[in-house]
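Below is one structure, written out as structure tokens; the observations come after it.
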Protein chains: 2
Amino acid sequence: MNYSFSDKVTGLKASAIREILKFTAFPDVISFAAGNPSPEAFPTEAVKEITERTLTENPVAALQYSITEGYTPLRDTLKKRLLAQNSYNADIDDLIITSGGQQGNELSCKVFLNEGDTLICESPSFIGSLNSFKSYNVNLVGVEMDGEGIDLEKLEAAVKSNKNVKIIYLIPNFQNPTGKCMSYERRKEVYKLAQKYDVMILEDNPYGEIRFEGENIPSVKSLDTDGRVIYVGSFSKILAPGIRVGFVSAPKDVIQKIVVCKQVADVHTNILAQIIADEFLNKYDIEAHLEKIRGIYRAKCGLMLSEIEKNFSKKISVTHPQGGLFIWATLPADCDMMGFCKKAVEAKVAVVPGNAFTVHEDDPTSSFRLNFSTPADEQLVKGCEILGKMSREMFD
Amino acid sequence: MNYSFSDKVTGLKASAIREILKFTAFPDVISFAAGNPSPEAFPTEAVKEITERTLTENPVAALQYSITEGYTPLRDTLKKRLLAQNSYNADIDDLIITSGGQQGNELSCKVFLNEGDTLICESPSFIGSLNSFKSYNVNLVGVEMDGEGIDLEKLEAAVKSNKNVKIIYLIPNFQNPTGKCMSYERRKEVYKLAQKYDVMILEDNPYGEIRFEGENIPSVKSLDTDGRVIYVGSFSKILAPGIRVGFVSAPKDVIQKIVVCKQVADVHTNILAQIIADEFLNKYDIEAHLEKIRGIYRAKCGLMLSEIEKNFSKKISVTHPQGGLFIWATLPADCDMMGFCKKAVEAKVAVVPGNAFTVHEDDPTSSFRLNFSTPADEQLVKGCEILGKMSREMFD
């Protein structure tokens with residue numbers, strides 16, 4: 001039969017970049033296209049120990065239906081942790097466990113935005129979140145970044161010129177895809193602007209804990225005096241993504257609405273996974289574990305940057321992230337970025353074309369994203385050699 | 001600050017029945033209000049063995065990001081199983097793993113319905129699904145049932161008199177809350193009607209495998225010659241609900257759209273849980289396990305029915321389910337059902353008032369739901385004695 005799908009999903013097209021990404025499954029392709037944490041960073045033994053103990057001592061708690069808000073001990077643990085990290089306001093805020101940070105972003109959008117309302121994001125930004133917002137038929141408006149984060153003037157212009165602006169979506173730490181970190185000054189200015197125009201801020205922070213260089217910058221949430229910031233965190237990068245555990249910290253009234261939406265979405269998050277997350281934070285040395293992960297990523301990022309420096313055409317500029325998983329490379333404006341990406345995959349190196357991350361796939365961009373966390377060291381070296389040779393031939 | 005929530009969630013009110021349900025958490029209250037499978041039915045040792053082995057032999061597969069469609073071996077296993085059960089059409093259909101059956105229902109709605117489009121359901125029906133549909137601001141229309149399932153004439157009238165009817169939502173086996181099973185004849189007639197008016201059918205079947213009496217009736221999906229039925233299944237009742245694993249079997253084109261929506265909802269379902277489900281189906285004697293569960297529920301349902309027969313006022317009629325978890329009790333129309341439920345909880349027995357399951361909470365109903373799967377046997381006996389005494393005092 002002929003299916004008549006909703007407007008929400010007819011707008012969500014299979015992306016042109018899928019053509020490139022599907023090559024990454026081939027074993028002879030070096031993939032710089034992933035967004036996966038390094039498997040070396042998974043605390044496998046801890047997960048195994050917690051799981052065995054839980055299924056021996058209290059299997060029913062791990063297997064029965066549970067409450068939508070999330071496993072109570074994990075919520076308490078996270079509240080304490082976030083309070084210490086200054087992004088939790090014990091008087092105003094509350095917390096819900098979600099099935100990954102992705103669900104936190106999606107439900108925040110569902111709770112606040114009607115079809116046609118405006119959500120402003122950094123451009124480029126994380127494709128998963130953008131598609132999630134698009135799936136609610138919202139008016140998605142991208143605002144460029146400079147070296148300190150989202151451009152303030154352009155942000156203000158966007159807030160003023162769009163109808164029903166409800167949320168500003170930000171990834172302040174080691175943004176996906178650019179690897180950029182928003183300065184403390186900029187965070188304060190953006191918060192002030194949100195106050196001025198009475199807009200909510202959705203702060204997505206999956207990478208904040210894997211800063212491997214420089215000083216920590218307080219979250220936007222830590223500046224929140226009037227309950228305007230929804231803070232989304234994740235265990236995907238500090239524990240493991242396959243368990244699908246994230247959380248949202250926000251004012252109680254907002255959390256209550258998210259709870260209602262989560263209940264109809266998936267009832268609750270896998271309970272064994274929540275127990276694993278809680279016990280890992282409480283019974284293991286999480287700080288030592290984070291130091292280990294940061295060490296792995298510091299080394300991998302450093303290796304990729306030095307290989308880029310050694311091999312790439314000088315016409316390609318790259319970001320120098322202080323954390324996270326990604327480097328953002330930019331060709332001169334007149335170069336054929338998509339052609340470069342296609343040629344790269346033919347030469348068995350996959351990168352993600354920048355228009356995968358723009359608000360509209362045909363927005364102009366001459367950038368592409370490189371991931372350093374997933375490839376093995378020898379792949380990082382070999383892949384950069386191949387891309388470097390190609391870039392010198394194409395652009396020098 | 002004052003929050004301006006979306007129309008979608010302002011419509012989702014905290015239910016009046018919450019007032020009753022919150023008493024079920026008190027340890028001295030006998031709860032007939034749950035929808036939980038019996039913990040005795042969980043294959044705890046199998047879950048433990050599979051988990052230990054997986055985390056020893058292949059931890060990275062269980063912890064890394066995975067594909068949105070779901071763990072490939074589990075999808076293959078389910079396709080074979082559904083093909084054998086006659087509800088999978090290998091030529092037309094495909095399959096996606098979801099985070100519980102709830103997500104399958106929610107995403108099916110998101111994929112097909114614009115705000116204002118009509119979805120028709122049995123009335124009463126499962127509150128979780130109804131709220132999920134409401135959260136997309138669809139026009140929800142309930143159609144009464146008779147002893148064979150949804151009333152055909154009223155269904156046709158509803159299809160004809162409502163605008164943009166896209167989906168008929170059915171729980172044909174041991175419906176929640178009524179415990180009713182739709183006859184084979186009725187399934188065929190409903191399918192024909194859906195063909196006549198070119199409407200999709202969403203067949204939700206969480207309880208089908210726990211038939212403890214009578215002969216299996218083929219699914220509506222098994223009648224599907226033109227790709228009009230979306231079939232939602234679940235591991236919550238045959239394995240354990242805490243793992244949150246369900247699935248959708250539907251035409252490939254539909255599954256593709258659900259994949260896009262699931263990707264933006266939670267990326268993929270917890271992968272360890274999917275491995276547990278797959279290995280449990282393949283490496284354990286699932287049929288013996290199902291026979292064990294059916295035995296437990298047959299005994300519990302029989303016990304509750306005989307205690308009702310022994311104790312309840314004869315003015316209360318009840319359904320005699322051949323499977324599932326629920327009995328539906330109906331008072332004479334002139335009785336105060338809500339008053340009865342409130343009095344019951346004061347007497348330390350919780351039941352769910354019928355208007356928890358009507359399309360609109362103020363739709364008239366004189367029924368309430370009893371769950372027999374969760375309480376221990378002595379609770380079943382004692383709770384029925386208390387309700388029985390109350391009912392005789394109130395109605396005889």
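Chain lettering (A, B, ...) mirrors the order of the structure tokens, residue numbering begins at 1 for each chain separately, and ligand numbering begins at 1 in order of display.
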
I'd like the neighbourhood of Cys109 of chain A as a ChimeraX atom specification, where a residue qualifies if any of its atoms comes within 10 Å (using only C-alpha atoms), though same-chain residues fewer than 4 positions away should be ignored. /A:103-105,113-114,119,129,132-136,138,166-167,169,202,258 /B:5-6

Alpha helix (DSSP H) positions in segment 122-181 of chain A, given as number ranges by chain: A: 127-134, 152-161

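For segment 323-332 of chain B, the set of protein, DNA and RNA residues having any atom at most 7 Å away, when counting only C-alpha atoms and skipping those fewer than 3 positions along the same chain, is Phe174, Asn176, Pro177, Thr178, Gly179, Tyr207, Ile210, Arg211, Phe212, Glu213, Lys315, Ile316, Ser317, Val318, Thr319, His320, Cys335, Met337, Ser366, Ser367, Phe368, Arg369, Leu370, Asn371, Phe372 and Ser373 of chain B.
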
Give me a file of those residues, with C-alpha atoms, as an mmCIF file, in the first residue's frame.
data_model
loop_
_atom_site.group_PDB
_atom_site.id
_atom_site.type_symbol
_atom_site.label_atom_id
_atom_site.label_comp_id
_atom_site.auth_asym_id
_atom_site.auth_seq_id
_atom_site.Cartn_x
_atom_site.Cartn_y
_atom_site.Cartn_z
ATOM 1 C CA PHE B 174 -5.822 -10.505 26.774
ATOM 2 C CA ASN B 176 -5.078 -4.417 29.097
ATOM 3 C CA PRO B 177 -7.221 -3.605 31.089
ATOM 4 C CA THR B 178 -10.106 -5.958 30.248
ATOM 5 C CA GLY B 179 -8.303 -9.265 29.750
ATOM 6 C CA TYR B 207 0.583 -10.792 26.317
ATOM 7 C CA ILE B 210 1.123 -16.047 27.969
ATOM 8 C CA ARG B 211 -2.099 -17.744 26.975
ATOM 9 C CA PHE B 212 -2.775 -20.225 29.772
ATOM 10 C CA GLU B 213 -6.121 -21.524 28.516
ATOM 11 C CA LYS B 315 -23.691 -7.596 41.477
ATOM 12 C CA ILE B 316 -20.038 -7.364 40.410
ATOM 13 C CA SER B 317 -19.356 -9.128 37.113
ATOM 14 C CA VAL B 318 -15.824 -10.055 36.070
ATOM 15 C CA THR B 319 -14.086 -11.188 32.870
ATOM 16 C CA HIS B 320 -12.549 -14.665 32.711
ATOM 17 C CA CYS B 335 -22.879 2.300 41.765
ATOM 18 C CA MET B 337 -17.087 3.021 41.236
ATOM 19 C CA SER B 366 -18.293 1.517 36.430
ATOM 20 C CA SER B 367 -15.385 -0.896 36.087
ATOM 21 C CA PHE B 368 -12.029 -1.394 37.756
ATOM 22 C CA ARG B 369 -8.938 -3.474 36.988
ATOM 23 C CA LEU B 370 -7.537 -6.307 39.065
ATOM 24 C CA ASN B 371 -4.022 -7.675 38.552
ATOM 25 C CA PHE B 372 -3.344 -11.268 39.539
ATOM 26 C CA SER B 373 0.283 -11.702 38.418
#

Output as a tab-separated table one row per residue of chain A within 7 Å of chain B: the closest atom pair and its distance in Å to one decimal place, counting only C-alpha atoms, sorted by chain and residue number ascending.
residue	atom	partner	partner_atom	distance
A:Met1	CA	B:Asp226	CA	6.0
A:Ser4	CA	B:Phe112	CA	6.7
A:Phe5	CA	B:Phe112	CA	4.5
A:Ser6	CA	B:Phe112	CA	4.6
A:Asp7	CA	B:Asn114	CA	6.5
A:Val9	CA	B:Val111	CA	6.0
A:Asn36	CA	B:Tyr65	CA	6.7
A:Pro39	CA	B:Val60	CA	6.3
A:Thr44	CA	B:Pro59	CA	6.6
A:Lys48	CA	B:Leu55	CA	6.1
A:Glu52	CA	B:Glu52	CA	6.7
A:Leu55	CA	B:Lys48	CA	6.1
A:Pro59	CA	B:Thr44	CA	6.6
A:Val60	CA	B:Pro39	CA	6.4
A:Ala62	CA	B:Gly242	CA	6.3
A:Leu63	CA	B:Gly242	CA	4.2
A:Gln64	CA	B:Gly242	CA	4.7
A:Tyr65	CA	B:Gly242	CA	4.9
A:Ser66	CA	B:Gly242	CA	6.7
A:Ser99	CA	B:Asp266	CA	5.9
A:Gly100	CA	B:Asp266	CA	6.2
A:Gln102	CA	B:Asp266	CA	5.6
A:Gln103	CA	B:Asp266	CA	5.2
A:Glu106	CA	B:Ala265	CA	6.3
A:Val111	CA	B:Ser6	CA	5.6
A:Phe112	CA	B:Phe5	CA	4.5
A:Leu113	CA	B:Ser6	CA	5.1
A:Asn114	CA	B:Ser6	CA	5.2
A:Gly128	CA	B:Val264	CA	5.8
A:Ser129	CA	B:Val264	CA	6.9
A:Asn131	CA	B:Val264	CA	6.2
A:Ser132	CA	B:Val264	CA	4.6
A:Asp226	CA	B:Met1	CA	5.9
A:Gly227	CA	B:Met1	CA	6.3
A:Ala240	CA	B:Leu63	CA	5.4
A:Pro241	CA	B:Tyr65	CA	5.4
A:Gly242	CA	B:Leu63	CA	4.2
A:Ile243	CA	B:Asn270	CA	5.0
A:Arg244	CA	B:Asn270	CA	5.6
A:Lys257	CA	B:Val9	CA	6.8
A:Val264	CA	B:Ser132	CA	4.6
A:Ala265	CA	B:Gln103	CA	5.3
A:Asp266	CA	B:Gln103	CA	5.2
A:Asn270	CA	B:Ile243	CA	5.0
A:Ile271	CA	B:Gly242	CA	5.6

Produce a file of the selected residues containing C-alpha atoms, as a PDB file, in the first residue's frame.
ATOM      1  CA  MET A   1       0.000   0.000   0.000  1.00  0.00           C
ATOM      2  CA  SER A   4       1.066   8.522   4.144  1.00  0.00           C
ATOM      3  CA  PHE A   5       3.708   9.423   6.718  1.00  0.00           C
ATOM      4  CA  SER A   6       3.521  12.366   9.102  1.00  0.00           C
ATOM      5  CA  ASP A   7       5.062  15.710   8.162  1.00  0.00           C
ATOM      6  CA  VAL A   9       9.236  12.232   9.352  1.00  0.00           C
ATOM      7  CA  ASN A  36      32.718   6.283  19.395  1.00  0.00           C
ATOM      8  CA  PRO A  39      37.076   0.684  23.759  1.00  0.00           C
ATOM      9  CA  THR A  44      35.021  -3.721  31.608  1.00  0.00           C
ATOM     10  CA  LYS A  48      31.374  -7.319  35.067  1.00  0.00           C
ATOM     11  CA  GLU A  52      27.486 -10.379  38.619  1.00  0.00           C
ATOM     12  CA  LEU A  55      22.246 -10.450  39.543  1.00  0.00           C
ATOM     13  CA  PRO A  59      18.145  -9.937  40.616  1.00  0.00           C
ATOM     14  CA  VAL A  60      14.489  -8.881  40.911  1.00  0.00           C
ATOM     15  CA  ALA A  62      17.426  -5.396  38.182  1.00  0.00           C
ATOM     16  CA  LEU A  63      14.720  -7.172  36.164  1.00  0.00           C
ATOM     17  CA  GLN A  64      11.342  -5.811  37.334  1.00  0.00           C
ATOM     18  CA  TYR A  65       9.635  -2.622  36.132  1.00  0.00           C
ATOM     19  CA  SER A  66      11.003   0.468  37.822  1.00  0.00           C
ATOM     20  CA  SER A  99      18.212   6.529  27.867  1.00  0.00           C
ATOM     21  CA  GLY A 100      21.387   8.351  26.868  1.00  0.00           C
ATOM     22  CA  GLN A 102      20.114  11.962  23.231  1.00  0.00           C
ATOM     23  CA  GLN A 103      16.811  11.244  24.952  1.00  0.00           C
ATOM     24  CA  GLU A 106      14.786  15.100  22.550  1.00  0.00           C
ATOM     25  CA  VAL A 111       8.323  19.520  26.446  1.00  0.00           C
ATOM     26  CA  PHE A 112       8.836  23.113  25.311  1.00  0.00           C
ATOM     27  CA  LEU A 113       8.352  23.428  21.575  1.00  0.00           C
ATOM     28  CA  ASN A 114       5.222  23.462  19.485  1.00  0.00           C
ATOM     29  CA  GLY A 128      21.720  13.664  16.293  1.00  0.00           C
ATOM     30  CA  SER A 129      20.296  16.538  18.291  1.00  0.00           C
ATOM     31  CA  ASN A 131      17.511  15.695  13.698  1.00  0.00           C
ATOM     32  CA  SER A 132      15.753  15.165  16.965  1.00  0.00           C
ATOM     33  CA  ASP A 226      16.372  31.723  37.669  1.00  0.00           C
ATOM     34  CA  GLY A 227      15.864  28.113  36.545  1.00  0.00           C
ATOM     35  CA  ALA A 240      30.243   3.143  27.987  1.00  0.00           C
ATOM     36  CA  PRO A 241      27.695   4.204  25.340  1.00  0.00           C
ATOM     37  CA  GLY A 242      26.129   0.764  24.792  1.00  0.00           C
ATOM     38  CA  ILE A 243      24.423   0.916  28.199  1.00  0.00           C
ATOM     39  CA  ARG A 244      22.444   4.048  27.102  1.00  0.00           C
ATOM     40  CA  LYS A 257       7.045  17.321  32.379  1.00  0.00           C
ATOM     41  CA  VAL A 264       5.142   7.395  27.304  1.00  0.00           C
ATOM     42  CA  ALA A 265       8.430   7.044  25.405  1.00  0.00           C
ATOM     43  CA  ASP A 266      10.036   4.004  27.067  1.00  0.00           C
ATOM     44  CA  ASN A 270      17.176  -0.245  31.514  1.00  0.00           C
ATOM     45  CA  ILE A 271      17.523  -0.704  35.242  1.00  0.00           C
TER      46      ILE A 271
END

Segment 92-279 of chain B: which residues are strand (DSSP E) by DSSP, as a ChimeraX atom specification? /B:93-98,118-123,139-146,149-150,165-170,200-204,229-234,246-251
